[in-house]
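K.L.:
Sharing run-v2.txt, compact mmCIF, C-alpha atoms:
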# COMPACT_ATOMS: atom_id res chain seq x y z
CA MET M 1 0.00 0.00 0.00
CA ALA M 2 2.94 2.28 0.67
CA SER M 3 4.01 1.83 -3.00
CA ALA M 4 0.42 2.52 -4.09
CA GLN M 5 0.44 5.77 -2.09
CA ASP M 6 3.59 6.70 -3.99
CA GLY M 7 1.73 6.21 -7.28
CA ASP M 8 2.99 2.72 -8.26
CA GLN M 9 -0.02 1.58 -10.31
CA GLU M 10 1.18 -2.00 -10.87
CA ALA M 11 1.81 -2.57 -7.15
CA TYR M 12 -1.64 -1.13 -6.44
CA ARG M 13 -3.31 -3.38 -9.04
CA VAL M 14 -1.62 -6.47 -7.56
CA LEU M 15 -2.60 -5.43 -4.04
CA LEU M 16 -6.27 -4.93 -4.98
CA HIS M 17 -6.34 -8.32 -6.70
CA GLU M 18 -4.76 -9.97 -3.68
CA ILE M 19 -7.17 -8.48 -1.16
CA THR M 20 -10.29 -9.27 -3.21
CA PRO M 21 -10.68 -12.93 -2.02
CA TYR M 22 -10.38 -11.72 1.59
CA LEU M 23 -12.99 -9.02 0.96
CA ARG M 24 -15.26 -11.56 -0.72
CA ALA M 25 -14.97 -13.89 2.30
CA ILE M 26 -15.73 -11.13 4.80
CA ALA M 27 -18.67 -9.92 2.64
CA ARG M 28 -20.10 -13.46 2.59
CA ARG M 29 -19.82 -13.58 6.37
CA TYR M 30 -21.95 -10.43 6.67
CA LEU M 31 -24.33 -10.82 3.72
CA GLY M 32 -24.57 -14.56 3.08
CA SER M 33 -23.84 -15.92 -0.37
CA GLY M 34 -26.42 -13.87 -2.27
CA ASP M 35 -26.10 -11.54 -5.24
CA GLY M 36 -25.03 -8.60 -3.11
CA VAL M 37 -21.55 -9.96 -2.31
CA GLU M 38 -19.81 -8.81 -5.48
CA ASP M 39 -21.46 -5.37 -5.26
CA ALA M 40 -20.26 -5.11 -1.66
CA VAL M 41 -16.69 -6.07 -2.65
CA GLN M 42 -16.72 -3.36 -5.31
CA ASP M 43 -18.08 -0.83 -2.83
CA ILE M 44 -15.24 -1.65 -0.42
CA LEU M 45 -12.63 -1.40 -3.19
CA LEU M 46 -13.97 2.04 -4.15
CA THR M 47 -13.82 3.16 -0.51
CA VAL M 48 -10.26 1.82 -0.14
CA HIS M 49 -9.30 3.78 -3.24
CA GLY M 50 -11.03 6.95 -2.00
CA ILE M 51 -9.25 6.99 1.36
CA ARG M 52 -5.96 5.24 0.56
CA HIS M 53 -4.12 8.29 1.89
CA THR M 54 -5.33 7.39 5.43
CA TYR M 55 -3.17 4.22 5.54
CA ASP M 56 -0.43 4.73 8.09
CA ARG M 57 2.82 3.21 6.76
CA GLY M 58 4.06 2.49 10.25
CA ARG M 59 1.15 0.19 11.01
CA PRO M 60 -0.05 -3.21 9.75
CA PHE M 61 -2.28 -3.12 6.66
CA LYS M 62 -4.89 -5.68 7.69
CA PRO M 63 -6.55 -3.78 10.58
CA TRP M 64 -6.81 -0.75 8.29
CA LEU M 65 -8.48 -2.80 5.56
CA SER M 66 -10.78 -4.77 7.87
CA THR M 67 -12.02 -1.58 9.58
CA ILE M 68 -13.03 -0.18 6.19
CA ALA M 69 -14.54 -3.48 5.03
CA SER M 70 -16.61 -4.13 8.14
CA ARG M 71 -17.84 -0.52 8.27
CA ARG M 72 -18.98 -0.61 4.63
CA LEU M 73 -20.69 -3.97 5.13
CA ILE M 74 -22.52 -2.76 8.24
CA ASP M 75 -23.72 0.27 6.27
CA LEU M 76 -24.88 -1.96 3.42
CA LEU M 77 -26.71 -4.24 5.87
CA ARG M 78 -28.38 -1.24 7.49
CA GLY M 79 -29.46 0.04 4.09
CA ARG M 80 -30.88 -3.37 3.23
CA SER M 81 -32.70 -3.55 6.60
CA ARG M 82 -34.16 -0.08 6.08
CA ARG M 83 -35.45 -1.03 2.62
CA LEU M 84 -36.99 -4.27 3.86
CA ARG M 85 -38.53 -2.53 6.83
CA HIS M 86 -40.03 0.09 4.55
CA GLU M 87 -41.48 -2.66 2.33
CA VAL M 88 -42.95 -4.49 5.33
CA GLU M 89 -44.49 -1.33 6.75
CA ASN M 90 -46.14 -0.61 3.42
CA LEU M 91 -47.62 -4.05 3.06
CA ASP M 92 -51.27 -4.35 3.98
CA ALA M 93 -53.18 -7.58 4.24
CA GLU M 94 -54.60 -7.22 0.76
CA SER M 95 -51.27 -6.77 -0.96
CA ILE M 96 -49.74 -9.73 0.91
CA PHE M 97 -52.66 -11.86 -0.07
CA ASP M 98 -52.75 -10.71 -3.70
CA SER M 99 -49.04 -11.40 -4.08
CA TYR M 100 -49.22 -14.97 -2.96
CA VAL M 101 -52.68 -16.25 -3.88
CA ILE M 102 -52.63 -19.06 -6.45
CA GLU M 103 -55.23 -18.91 -9.16
CA PRO M 104 -57.29 -22.12 -9.69
CA SER M 105 -56.34 -24.09 -12.79
CA ASP M 106 -59.83 -25.25 -13.74
CA GLN M 107 -62.60 -22.82 -14.39
CA GLN M 108 -65.71 -24.96 -13.67
CA PRO M 109 -68.46 -22.77 -12.21
CA ASP M 110 -68.79 -24.63 -8.86
CA HIS M 111 -65.04 -24.57 -8.37
CA VAL M 112 -64.88 -20.87 -9.19
CA VAL M 113 -67.58 -20.19 -6.57
CA ALA M 114 -65.73 -22.34 -3.99
CA ARG M 115 -62.47 -20.62 -4.79
CA ALA M 116 -64.08 -17.19 -4.42
CA GLN M 117 -65.36 -18.23 -1.00
CA GLU M 118 -61.88 -19.49 -0.08
CA VAL M 119 -60.35 -16.22 -1.24
CA ARG M 120 -62.75 -14.20 0.93
CA GLU M 121 -62.02 -16.34 3.99
CA MET M 122 -58.28 -16.24 3.47
CA ARG M 123 -58.38 -12.47 3.04
CA ARG M 124 -60.34 -12.17 6.31
CA ALA M 125 -57.78 -14.41 8.00
CA VAL M 126 -54.84 -12.33 6.79
CA GLU M 127 -56.64 -9.14 7.82
CA GLY M 128 -57.29 -10.68 11.21
CA LEU M 129 -53.58 -11.17 11.92
CA SER M 130 -52.00 -8.66 14.23
CA ALA M 131 -49.39 -6.34 12.74
CA ARG M 132 -46.62 -8.28 14.48
CA GLN M 133 -47.90 -11.64 13.22
CA ARG M 134 -48.19 -10.29 9.68
CA GLU M 135 -44.67 -8.86 9.87
CA ALA M 136 -43.29 -12.16 11.18
CA VAL M 137 -44.90 -14.15 8.35
CA VAL M 138 -43.71 -11.72 5.68
CA LEU M 139 -40.12 -11.61 6.93
CA LEU M 140 -39.67 -15.29 7.74
CA ARG M 141 -41.84 -17.03 5.13
CA PHE M 142 -42.17 -14.66 2.18
CA GLN M 143 -38.82 -12.82 2.35
CA GLU M 144 -37.17 -16.00 3.70
CA LEU M 145 -34.89 -14.09 6.06
CA THR M 146 -33.07 -15.80 8.90
CA LEU M 147 -34.46 -15.36 12.41
CA SER M 148 -31.64 -13.00 13.38
CA GLU M 149 -32.10 -10.84 10.26
CA ALA M 150 -35.87 -10.70 10.82
CA ALA M 151 -35.31 -9.82 14.49
CA LEU M 152 -33.01 -6.96 13.48
CA ILE M 153 -35.53 -5.53 11.02
CA SER M 154 -38.69 -6.02 13.06
CA LYS M 155 -37.06 -5.06 16.37
CA GLN M 156 -38.75 -8.12 17.92
CA SER M 157 -36.84 -10.75 19.84
CA ILE M 158 -36.20 -14.07 18.11
CA GLY M 159 -38.53 -15.78 20.57
CA ALA M 160 -41.33 -13.26 19.96
CA LEU M 161 -40.90 -13.66 16.19
CA LYS M 162 -41.12 -17.45 16.43
CA VAL M 163 -44.31 -17.22 18.50
CA ALA M 164 -45.88 -14.59 16.21
CA CYS M 165 -45.07 -16.60 13.08
CA HIS M 166 -46.33 -19.85 14.61
CA ARG M 167 -49.63 -18.28 15.68
CA ALA M 168 -50.10 -16.57 12.34
CA LEU M 169 -49.53 -19.79 10.41
CA LYS M 170 -51.89 -21.70 12.76
CA SER M 171 -54.56 -19.13 12.12
CA LEU M 172 -54.11 -19.29 8.33
CA GLU M 173 -53.88 -23.09 8.39
CA SER M 174 -57.22 -23.42 10.16
CA ILE M 175 -58.86 -21.55 7.27
CA VAL M 176 -57.23 -23.81 4.68
CA ARG M 177 -58.18 -27.00 6.58
CA ARG M 178 -61.83 -25.98 6.60
CA ASP M 179 -61.78 -26.09 2.79
CA PRO M 180 -62.91 -29.59 1.69
CA GLU M 181 -60.95 -31.03 -1.21
CA PRO M 182 -63.14 -31.75 -4.27
CA MET D 183 -16.34 -11.16 -10.89
CA SER D 184 -15.14 -9.89 -14.25
CA ASP D 185 -16.74 -6.55 -13.27
CA THR D 186 -14.60 -6.54 -10.12
CA ARG D 187 -11.45 -7.25 -12.15
CA HIS D 188 -12.37 -4.45 -14.53
CA LEU D 189 -12.97 -2.10 -11.58
CA ILE D 190 -9.56 -2.97 -10.11
CA ASP D 191 -7.86 -2.21 -13.42
CA GLN D 192 -9.67 1.13 -13.60
CA LEU D 193 -8.76 2.05 -10.03
CA ALA D 194 -5.12 1.08 -10.58
CA ALA D 195 -5.00 3.18 -13.74
CA ARG D 196 -6.23 6.18 -11.75
CA ALA D 197 -3.89 5.65 -8.79
CA THR D 198 -1.92 8.84 -8.65
CA ARG D 199 0.48 9.66 -5.87
CA VAL D 200 -1.28 10.62 -2.61
CA ARG D 201 0.16 12.29 0.47
CA PRO D 202 -0.31 10.10 3.54
CA LEU D 203 -2.06 11.70 6.50
CA PRO D 204 0.34 13.25 9.03
CA PRO D 205 0.33 11.60 12.50
CA PRO D 206 -2.70 12.35 14.71
CA SER D 207 -0.59 14.35 17.17
CA ARG D 208 0.62 16.75 14.46
CA ARG D 209 -2.87 17.23 13.06
CA ALA D 210 -4.27 17.80 16.57
CA VAL D 211 -1.61 20.45 17.23
CA ARG D 212 -2.53 22.26 13.97
CA TRP D 213 -6.20 22.24 14.84
CA LEU D 214 -5.57 23.42 18.42
CA ALA D 215 -3.31 26.21 17.17
CA PHE D 216 -6.18 27.42 15.01
CA VAL D 217 -8.67 27.24 17.92
CA VAL D 218 -6.29 29.10 20.24
CA ALA D 219 -5.89 31.82 17.59
CA VAL D 220 -9.69 32.18 17.27
CA ILE D 221 -10.18 32.35 21.06
CA ALA D 222 -7.27 34.77 21.50
CA ALA D 223 -8.73 37.04 18.80
CA MET D 224 -12.16 36.91 20.46
CA THR D 225 -10.65 37.70 23.87
CA MET D 226 -8.73 40.66 22.43
CA VAL D 227 -11.77 42.05 20.57
CA ILE D 228 -14.25 41.69 23.46
CA GLY D 229 -11.71 42.12 26.24
CA PRO D 230 -11.12 39.69 29.11
CA ARG D 231 -13.63 39.75 31.94
CA PRO D 232 -12.62 42.25 34.64
CA ASP D 233 -12.47 39.65 37.42
CA LEU D 234 -10.49 37.06 35.40
CA LEU D 235 -7.38 37.00 37.62
CA GLU D 236 -9.45 37.00 40.78
CA ALA D 237 -11.65 34.18 39.48
CA MET D 238 -8.69 32.06 38.40
CA SER D 239 -7.07 32.47 41.80
CA SER D 240 -9.91 30.38 43.20
CA PRO D 241 -8.75 26.73 42.95
CA ALA D 242 -12.26 25.45 42.18
CA THR D 243 -12.75 27.87 39.25
CA ALA D 244 -9.24 27.22 37.94
CA ILE D 245 -9.74 23.44 38.09
CA GLU D 246 -13.09 23.73 36.26
CA TRP D 247 -11.52 25.89 33.55
CA ILE D 248 -8.52 23.60 33.12
CA ALA D 249 -10.86 20.58 33.00
CA SER D 250 -12.97 22.23 30.29
CA ALA D 251 -9.88 23.04 28.22
CA LEU D 252 -8.50 19.51 28.76
CA THR D 253 -11.84 18.06 27.65
CA GLY D 254 -11.50 19.98 24.39
CA LEU D 255 -7.81 19.08 23.94
CA SER D 256 -8.25 15.38 24.65
CA ALA D 257 -11.38 15.14 22.49
CA ALA D 258 -9.44 16.78 19.63
CA TYR D 259 -6.61 14.23 19.92
CA ALA D 260 -9.17 11.41 20.12
CA VAL D 261 -10.88 12.67 16.92
CA PHE D 262 -7.65 12.42 14.96
CA GLN D 263 -7.10 8.90 16.28
CA VAL D 264 -10.56 7.31 15.87
CA SER D 265 -11.14 8.86 12.45
CA VAL D 266 -8.28 6.83 10.95
CA PRO D 267 -9.15 3.24 9.97
CA GLY D 268 -7.20 0.66 11.94
CA HIS D 269 -6.62 2.92 14.94
CA SER D 270 -8.27 1.84 18.18
CA LYS D 271 -11.78 3.03 18.92
CA ARG D 272 -10.85 3.13 22.60
CA TRP D 273 -9.32 6.56 22.06
CA ALA D 274 -12.91 7.80 22.22
CA TRP D 275 -12.78 7.37 26.01
CA LEU D 276 -9.92 9.84 26.40
CA PRO D 277 -12.00 12.97 27.18
CA ILE D 278 -14.24 11.19 29.70
CA ALA D 279 -12.01 11.86 32.75
CA PRO D 280 -11.60 15.65 32.24
CA LEU D 281 -15.28 15.91 31.31
CA ALA D 282 -16.22 14.14 34.54
CA VAL D 283 -13.95 16.47 36.56
CA TRP D 284 -15.49 19.49 34.84
CA ILE D 285 -19.11 18.45 35.39
CA GLY D 286 -18.32 17.16 38.89
CA GLY D 287 -16.64 20.47 39.73
CA LEU D 288 -19.68 22.39 38.56
CA GLY D 289 -21.90 20.10 40.62
CA LEU D 290 -19.82 20.76 43.72
CA GLY D 291 -19.91 24.47 42.82
CA CYS D 292 -23.71 24.34 42.87
CA LEU D 293 -23.62 22.88 46.37
CA GLY D 294 -21.09 25.53 47.48
CA ASP D 295 -23.24 28.32 46.03
CA TRP D 296 -26.30 26.93 47.79
CA TRP D 297 -24.40 26.84 51.10
CA ARG D 298 -23.27 30.44 50.58
CA MET D 299 -26.25 32.04 48.86
CA GLY D 300 -29.23 29.87 49.79
CA SER D 301 -32.06 29.73 47.23
CA GLN D 302 -30.43 32.57 45.21
CA ALA D 303 -27.96 29.95 43.96
CA PHE D 304 -30.71 28.30 41.95
CA VAL D 305 -32.00 31.38 40.16
CA LEU D 306 -31.52 31.03 36.41
CA GLU D 307 -31.09 34.42 34.82
CA ALA D 308 -31.82 35.01 31.15
CA HIS D 309 -28.50 36.78 30.47
CA GLY D 310 -26.83 33.38 30.84
CA ALA D 311 -28.34 32.59 27.46
CA ASP D 312 -25.70 34.94 25.97
CA CYS D 313 -23.07 32.36 26.95
CA PHE D 314 -25.16 29.63 25.38
CA ALA D 315 -25.47 31.55 22.12
CA ALA D 316 -21.77 32.50 22.12
CA ILE D 317 -20.64 28.88 22.62
CA VAL D 318 -22.92 27.67 19.84
CA MET D 319 -21.87 30.46 17.44
CA ILE D 320 -18.13 29.93 18.03
CA SER D 321 -18.43 26.14 17.97
CA LEU D 322 -20.24 25.81 14.65
CA PRO D 323 -17.43 27.06 12.36
CA LEU D 324 -14.84 25.21 14.46
CA ILE D 325 -16.84 21.98 14.11
CA LEU D 326 -17.08 22.40 10.34
CA ILE D 327 -13.35 23.00 9.99
CA LEU D 328 -12.50 20.03 12.21
CA LEU D 329 -14.82 17.74 10.26
CA LEU D 330 -13.29 18.98 7.03
CA MET D 331 -9.92 17.84 8.39
CA VAL D 332 -11.29 14.34 9.07
CA ARG D 333 -13.74 14.12 6.15
CA HIS D 334 -12.46 10.63 5.23
CA ALA D 335 -14.06 9.34 8.47
CA GLY D 336 -17.56 9.65 7.01
CA VAL D 337 -17.26 6.21 5.42
CA VAL D 338 -15.45 4.64 8.36
CA ARG D 339 -16.46 5.94 11.79
CA PRO D 340 -18.88 8.83 11.37
CA VAL D 341 -20.55 8.67 14.78
CA PRO D 342 -17.56 8.75 17.20
CA THR D 343 -15.76 11.21 14.92
CA VAL D 344 -18.62 13.70 14.93
CA LEU D 345 -19.38 13.31 18.63
CA LEU D 346 -15.75 13.83 19.65
CA GLY D 347 -15.34 16.70 17.18
CA VAL D 348 -18.41 18.47 18.51
CA LEU D 349 -17.32 17.88 22.11
CA SER D 350 -13.85 19.25 21.38
CA ALA D 351 -15.06 22.39 19.60
CA ALA D 352 -17.80 23.10 22.14
CA ALA D 353 -15.63 22.49 25.22
CA LEU D 354 -12.87 24.75 23.87
CA SER D 355 -15.46 27.39 22.97
CA ALA D 356 -16.88 27.19 26.49
CA ALA D 357 -13.36 27.61 27.93
CA GLY D 358 -12.91 30.63 25.63
CA VAL D 359 -16.24 32.18 26.58
CA SER D 360 -15.33 31.79 30.27
CA LEU D 361 -12.40 34.16 29.66
CA VAL D 362 -14.60 37.01 28.47
CA HIS D 363 -17.93 36.42 30.18
CA ARG D 364 -18.33 37.47 33.78
CA GLY D 365 -18.75 34.66 36.25
CA ASP D 366 -22.18 33.37 37.17
CA THR D 367 -23.42 30.89 39.67
CA ALA D 368 -22.23 27.32 39.10
CA LEU D 369 -25.78 26.36 38.15
CA MET D 370 -25.84 29.01 35.41
CA VAL D 371 -22.56 27.69 34.03
CA LEU D 372 -23.79 24.11 34.32
CA VAL D 373 -27.06 24.86 32.51
CA TRP D 374 -25.81 27.21 29.78
CA HIS D 375 -22.31 25.89 29.09
CA ILE D 376 -22.97 22.17 29.47
CA GLY D 377 -26.44 22.69 27.95
CA ALA D 378 -24.88 24.21 24.80
CA ILE D 379 -22.41 21.32 24.53
CA ALA D 380 -25.15 18.74 25.12
CA LEU D 381 -27.33 20.33 22.44
CA LEU D 382 -24.49 20.34 19.90
CA VAL D 383 -23.52 16.74 20.74
CA LEU D 384 -27.17 15.69 20.35
CA LEU D 385 -27.37 17.37 16.95
CA GLY D 386 -24.10 15.67 16.00
CA ALA D 387 -25.52 12.30 17.04
CA LEU D 388 -28.64 12.88 14.93
CA PHE D 389 -27.10 14.33 11.79
CA ASN D 390 -23.54 12.90 11.61
CA ARG D 391 -24.02 11.09 8.30
CA ARG D 392 -25.77 14.02 6.64
CA LEU D 393 -23.03 16.31 7.89
CA PHE D 394 -20.34 14.16 6.27
CA ALA D 395 -22.41 13.77 3.11
CA TRP D 396 -22.57 17.57 2.92
CA ILE D 397 -18.93 18.22 3.84
CA ALA D 398 -17.37 15.49 1.71
CA PRO D 399 -19.91 14.17 -0.81
CA SER D 400 -17.25 12.55 -3.01
CA VAL D 401 -15.55 10.43 -0.31
Can you give me the file's structure in the form of structure tokens?

P.N.:
Amino acid sequence: MASAQDGDQEAYRVLLHEITPYLRAIARRYLGSGDGVEDAVQDILLTVHGIRHTYDRGRPFKPWLSTIASRRLIDLLRGRSRRLRHEVENLDAESIFDSYVIEPSDQQPDHVVARAQEVREMRRAVEGLSARQREAVVLLRFQELTLSEAALISKQSIGALKVACHRALKSLESIVRRDPEP
Amino acid sequence: MSDTRHLIDQLAARATRVRPLPPPSRRAVRWLAFVVAVIAAMTMVIGPRPDLLEAMSSPATAIEWIASALTGLSAAYAVFQVSVPGHSKRWAWLPIAPLAVWIGGLGLGCLGDWWRMGSQAFVLEAHGADCFAAIVMISLPLILILLLMVRHAGVVRPVPTVLLGVLSAAALSAAGVSLVHRGDTALMVLVWHIGAIALLVLLGALFNRRLFAWIAPSV
């Protein structure tokens, strides 16, 4: 990095290539193995480039790099949490239901009537969930977040989330079970 | 991944020579020299308070003043440490001891005033708000200049950097204002001086990221 600060472009290119696997590993630790990892690595590389003058030549390089990497990843996680939270807050029962309802494949009149009845009951059931139960179902089942991620976003404890999700699913399940199979 | 390789090549091609940051101690000295110059100019323009020597001959007042100045000095040094990636975050604790002595001294001063003056010690007079306004007005440009010096911290440690920067500027401003503003009861000093610092620190805690985004949008 000292050579890079002096303007040695080749040394800088080699350094950035060498640190990329480490950055990728640390990004996976924070973000999982999803699509966001490569974007996060690039974000960290841009930050490293932007503040490379802050590296102190008398000190080891790794703590400098890991401070930048972990800070950027925490910011990215917070941004992701904020976006998800915003989405959850803007979801009402109707939109949840409309997003996940499965249309019947056959269009026979008696089945259409039965399906319409089922739709009404399911909608009532979703509307009947408390805000916390609805949030728990959306985060854990629809967004498929881990318990700790969902707890961070919803500001509920892991235990409270488990209970809310369990009760919500019980409530929805009882509606589905009442529907006799043709 | 090919995008990342391409990005690395682009960054390397743009890697011009950069001047490494000077050590925190040297940067802190530069900043403090600037603050001392501002406070000295203010003291010369307004004139020192008439009872300055008499007030400073009282050990309690002198200790409070030294503690306020030390709070500002230590917070300034801590800013230049925590704002650099890889340096310990524990530097943020440095101003706690002088701050505790300062607030503790004012608290004891309140008790002393009450012993001496009775209920008069707890009268809050409106003219104390001049101190409040003066501390805020002097602190604001000092805070902006300090944050400009550590603008790279916005992407690394925005919160401790802003809080320590605000504490440093406000504590030094309060020490400066004490040189020109006639002494009040300890409660007045506690409410208006510490109140001004608390308000600025609170604003710093709320708006640190926006402040950095405004000061250094390209970092």

K.L.:
Could you work out how far CA of Gly300 (chain D) lies from CA of Val373 (chain D), giving the answer in Å with one decimal?

P.N.:
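If I compute the distance from CA of Val373 (chain D) to CA of Gly300 (chain D), I get 18.1 Å.
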
K.L.:
Which is closest to Val338 (chain D) among D:Trp213, D:Trp275, D:Phe394, D:Trp247, if we use all atoms listed in the file?

P.N.:
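Selected residue with least distance to Val338 (chain D): D:Phe394.
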
K.L.:
Write out as an mmCIF file with C-alpha atoms, in the coordinates of the input every residue belonging to chain D that has an atom at most 8 Å from any atom of chain M, counting only C-alpha atoms.

P.N.:
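File written: part-v3.cif
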data_model
loop_
_atom_site.group_PDB
_atom_site.id
_atom_site.type_symbol
_atom_site.label_atom_id
_atom_site.label_comp_id
_atom_site.auth_asym_id
_atom_site.auth_seq_id
_atom_site.Cartn_x
_atom_site.Cartn_y
_atom_site.Cartn_z
ATOM 1 C CA MET D 183 -16.340 -11.160 -10.890
ATOM 2 C CA THR D 186 -14.600 -6.540 -10.120
ATOM 3 C CA ARG D 187 -11.450 -7.250 -12.150
ATOM 4 C CA LEU D 189 -12.970 -2.100 -11.580
ATOM 5 C CA ILE D 190 -9.560 -2.970 -10.110
ATOM 6 C CA ASP D 191 -7.860 -2.210 -13.420
ATOM 7 C CA LEU D 193 -8.760 2.050 -10.030
ATOM 8 C CA ALA D 194 -5.120 1.080 -10.580
ATOM 9 C CA ALA D 195 -5.000 3.180 -13.740
ATOM 10 C CA ARG D 196 -6.230 6.180 -11.750
ATOM 11 C CA ALA D 197 -3.890 5.650 -8.790
ATOM 12 C CA THR D 198 -1.920 8.840 -8.650
ATOM 13 C CA ARG D 199 0.480 9.660 -5.870
ATOM 14 C CA VAL D 200 -1.280 10.620 -2.610
ATOM 15 C CA ARG D 201 0.160 12.290 0.470
ATOM 16 C CA PRO D 202 -0.310 10.100 3.540
ATOM 17 C CA LEU D 203 -2.060 11.700 6.500
ATOM 18 C CA VAL D 266 -8.280 6.830 10.950
ATOM 19 C CA PRO D 267 -9.150 3.240 9.970
ATOM 20 C CA GLY D 268 -7.200 0.660 11.940
ATOM 21 C CA HIS D 269 -6.620 2.920 14.940
ATOM 22 C CA HIS D 334 -12.460 10.630 5.230
ATOM 23 C CA VAL D 337 -17.260 6.210 5.420
ATOM 24 C CA VAL D 338 -15.450 4.640 8.360
ATOM 25 C CA ARG D 339 -16.460 5.940 11.790
ATOM 26 C CA VAL D 401 -15.550 10.430 -0.310
#

K.L.:
Please indicate the distance in Å from CA of Ile327 (chain D) to CA of Ala258 (chain D), rounded to one decimal place.

P.N.:
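Rounded to one decimal, the two atoms are 12.1 Å apart.
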
K.L.:
Figure out the distance between CA of Thr243 (chain D) and CA of Ser301 (chain D), please, to one decimal in Å.

P.N.:
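Here the two named atoms are 21.0 Å from each other.
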
K.L.:
Go ahead and fit an axis-aligned box to every listed atom of region 370-382 of chain D plus 6 Å each side, and pass me the centre and edge lengths in Å, one decimal, as JSON.

P.N.:
{"center_x": -24.8, "center_y": 23.9, "center_z": 27.7, "size_x": 17.0, "size_y": 22.3, "size_z": 27.5}

K.L.:
For Gly287 (chain D), which residue among D:Asp233, D:Ser250, D:Arg364, D:Ile397 is the nearest when counting only C-alpha atoms?

P.N.:
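When distances to Gly287 (chain D) are compared using only C-alpha atoms, the smallest one comes from D:Ser250.
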
K.L.:
Return the single residue from D:Pro342, D:Gly358, D:Gly336, D:Gly291 that is closest to Ala222 (chain D), with distances computed using all atoms listed in the file.

P.N.:
D:Gly358

K.L.:
So which one's closest to Gly347 (chain D), D:Trp374, D:Phe304, D:Phe262, D:Phe389? Using only C-alpha atoms, please.

P.N.:
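Of all the options, D:Phe262 lies closest to Gly347 (chain D).
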
K.L.:
Calculated over all atoms listed in the file, which of the candidates D:Asp185, D:Glu236, D:Glu246, D:Asp366 has the smallest distance to Ala311 (chain D)?

P.N.:
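For Ala311 (chain D), the nearest of the given residues is D:Asp366.
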